[in-house]
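In what follows, a structure is listed as structure tokens, so that the remarks can point back to it.
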Amino acid sequence: VYFTTNGVDPRVPNEQDTVSLVTSGHPVQAHVPTATSNAAIGTTWRMQADPANIDDWVSGPNGVGYERFPTSATSYAALIRTELTDMYEENPSTYIRYKFTIPDQAGIDRLNSLVLRMRYDDGFAAYLNGTRVASSNANFTGWNSAASSSNSDRNALNYESFELPDALDLLVPGENVLAIHGLNRSLSSSDFLIQALLEGEKPGKGGSGVFREQIEFNRSAADFRAARLLLPAVML
């Protein structure tokens with residue numbers, strides 16, 4: 001039993017447990033679309049099944065893009081681990097796929113939220129198993145669309161978080177796909193970066209037993225009438 005003066009549980013709840021679904025070093029597949037490949041795959045690349053031209057996609061670790069000035073103060077060179085050599089002056093769009101596995105329905109049921117964290121220059125649209133769940137600077141998402149606005153290099157070096165309140169119902173037991181349509185501001189931009197993290201959050205195990213405040217406790221019984229005790233909140 002806990003006694004407080006304001007009815008608030010004095011225990012500090014534990015932080016939520018985080019489940020990493022797509023990590024900073026996660027395997028990734030990427031493709032710079034052309035008119036020919038667009039005619040072949042359309043938007044099927046956003047779905048769980050591999051697109052028909054998957055053998056033409058490049059593979060590597062998370063951190064997709066290119067950097068033409070690797071010694072600049074805001075260079076992405078250290079973050080790019082899957083380089084797109086055919087994007088500069090060819091297409092401001094690229095397609096990116098991350099596969100991740102959830103063993104069973106119980107693993108989904110234990111999650112109470114999803115968060116997408118993005119490093120991006122300059123825009124993106126994110127799809128979970130084919131359904132759009134988040135975007136930034138992505139007014140248009142044709143196969144050769146550009147970002148509708150810029151995201152500065154300095155901003156792009158940091159992760160931006162996007163809560164996905166309705167995305168839990170899109171998860172399935174087994175293989176899932178987070179697909180990202182990356183958008184550069186122009187064909188001739190000197191750099192480009194997409195790096196996505198997907199995290200699930202589980203509730204913590206309750207209060208930690210640490211108390212937020214001390215409680216001034218005045219006893220009114222005759223034998224304590226003169227006493228004014230300053231005690232910490234106690235658990236009985």
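Convention: chains lettered A, B, ... in structure tokens order; per-chain residue numbering from 1; ligands numbered from 1 as shown.
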Which of region 85-215 of chain A fall in alpha helix (DSSP H), as an mmCIF file with all heavy atoms, in the first residue's frame:
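The new file part.cif reads:
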```
data_model
loop_
_atom_site.group_PDB
_atom_site.id
_atom_site.type_symbol
_atom_site.label_atom_id
_atom_site.label_comp_id
_atom_site.auth_asym_id
_atom_site.auth_seq_id
_atom_site.Cartn_x
_atom_site.Cartn_y
_atom_site.Cartn_z
ATOM 1 N N GLN A 105 2.714 -14.351 -33.762
ATOM 2 C CA GLN A 105 1.750 -13.313 -33.426
ATOM 3 C C GLN A 105 1.980 -12.775 -32.023
ATOM 4 O O GLN A 105 1.749 -11.588 -31.752
ATOM 5 C CB GLN A 105 0.326 -13.856 -33.544
ATOM 6 C CG GLN A 105 -0.767 -12.824 -33.302
ATOM 7 C CD GLN A 105 -0.739 -11.676 -34.286
ATOM 8 O OE1 GLN A 105 -0.548 -11.907 -35.484
ATOM 9 N NE2 GLN A 105 -0.923 -10.458 -33.826
ATOM 10 N N ALA A 106 2.463 -13.625 -31.130
ATOM 11 C CA ALA A 106 2.729 -13.174 -29.759
ATOM 12 C C ALA A 106 3.771 -12.057 -29.743
ATOM 13 O O ALA A 106 3.694 -11.135 -28.927
ATOM 14 C CB ALA A 106 3.194 -14.347 -28.895
ATOM 15 N N GLY A 107 4.752 -12.131 -30.654
ATOM 16 C CA GLY A 107 5.751 -11.083 -30.731
ATOM 17 C C GLY A 107 5.163 -9.754 -31.159
ATOM 18 O O GLY A 107 5.636 -8.690 -30.742
ATOM 19 N N ILE A 108 4.123 -9.785 -31.992
ATOM 20 C CA ILE A 108 3.425 -8.564 -32.396
ATOM 21 C C ILE A 108 2.553 -8.053 -31.262
ATOM 22 O O ILE A 108 2.530 -6.854 -30.961
ATOM 23 C CB ILE A 108 2.573 -8.826 -33.652
ATOM 24 C CG1 ILE A 108 3.464 -9.248 -34.821
ATOM 25 C CG2 ILE A 108 1.750 -7.588 -34.019
ATOM 26 C CD1 ILE A 108 2.706 -9.721 -36.044
ATOM 27 N N ASP A 109 1.864 -8.971 -30.606
ATOM 28 C CA ASP A 109 0.935 -8.581 -29.539
ATOM 29 C C ASP A 109 1.649 -7.934 -28.361
ATOM 30 O O ASP A 109 1.037 -7.160 -27.611
ATOM 31 C CB ASP A 109 0.145 -9.798 -29.054
ATOM 32 C CG ASP A 109 -0.806 -10.345 -30.116
ATOM 33 O OD1 ASP A 109 -1.124 -9.594 -31.059
ATOM 34 O OD2 ASP A 109 -1.217 -11.512 -29.997
ATOM 35 N N ASP A 153 21.758 19.374 -44.932
ATOM 36 C CA ASP A 153 22.740 18.340 -44.619
ATOM 37 C C ASP A 153 22.927 18.195 -43.113
ATOM 38 O O ASP A 153 23.057 17.086 -42.589
ATOM 39 C CB ASP A 153 24.088 18.681 -45.260
ATOM 40 C CG ASP A 153 24.054 18.572 -46.775
ATOM 41 O OD1 ASP A 153 22.969 18.269 -47.317
ATOM 42 O OD2 ASP A 153 25.093 18.787 -47.416
ATOM 43 N N ARG A 154 22.935 19.317 -42.416
ATOM 44 C CA ARG A 154 23.138 19.265 -40.964
ATOM 45 C C ARG A 154 21.979 18.534 -40.279
ATOM 46 O O ARG A 154 22.193 17.725 -39.384
ATOM 47 C CB ARG A 154 23.294 20.683 -40.410
ATOM 48 C CG ARG A 154 23.840 20.734 -38.987
ATOM 49 C CD ARG A 154 24.197 22.152 -38.597
ATOM 50 N NE ARG A 154 25.209 22.715 -39.483
ATOM 51 C CZ ARG A 154 26.513 22.472 -39.357
ATOM 52 N NH1 ARG A 154 26.949 21.670 -38.408
ATOM 53 N NH2 ARG A 154 27.366 23.038 -40.186
ATOM 54 N N ASN A 155 20.766 18.806 -40.720
ATOM 55 C CA ASN A 155 19.610 18.095 -40.160
ATOM 56 C C ASN A 155 19.647 16.619 -40.513
ATOM 57 O O ASN A 155 19.284 15.760 -39.703
ATOM 58 C CB ASN A 155 18.309 18.714 -40.666
ATOM 59 C CG ASN A 155 17.987 20.037 -40.011
ATOM 60 O OD1 ASN A 155 18.547 20.386 -38.977
ATOM 61 N ND2 ASN A 155 17.093 20.790 -40.626
ATOM 62 N N ALA A 156 20.055 16.324 -41.736
ATOM 63 C CA ALA A 156 20.027 14.946 -42.210
ATOM 64 C C ALA A 156 21.016 14.047 -41.481
ATOM 65 O O ALA A 156 20.875 12.821 -41.499
ATOM 66 C CB ALA A 156 20.304 14.911 -43.713
#
```
Item to check | Contact residues around Ile80 (chain A) with only C-alpha atoms at 6 Å, ignoring same-chain residues under 2 positions, as a list of chain:residue names | outcome: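 Contacts, with the query itself left out: A:Gly63, A:Val64, A:Gly65, A:Ala77, A:Ala78, A:Thr82.
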Checklist entry - Do you know which residues are at most 9 Å from region 20-34 of chain A counting only C-alpha atoms, after dropping those on the same chain fewer than 4 positions away, and could you put them as a PyMOL selection string? => result chain A and resi 38-39+54+56-64+81-82+84+86-87+90-102+143-144+178+195-201
Checklist entry - What does the distance between CA of Asn151 (chain A) and CA of Asp122 (chain A) come to in Å, to one decimal place? => result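 Taking CA of Asn151 (chain A) as the start and CA of Asp122 (chain A) as the end point, the length is 4.7 Å.
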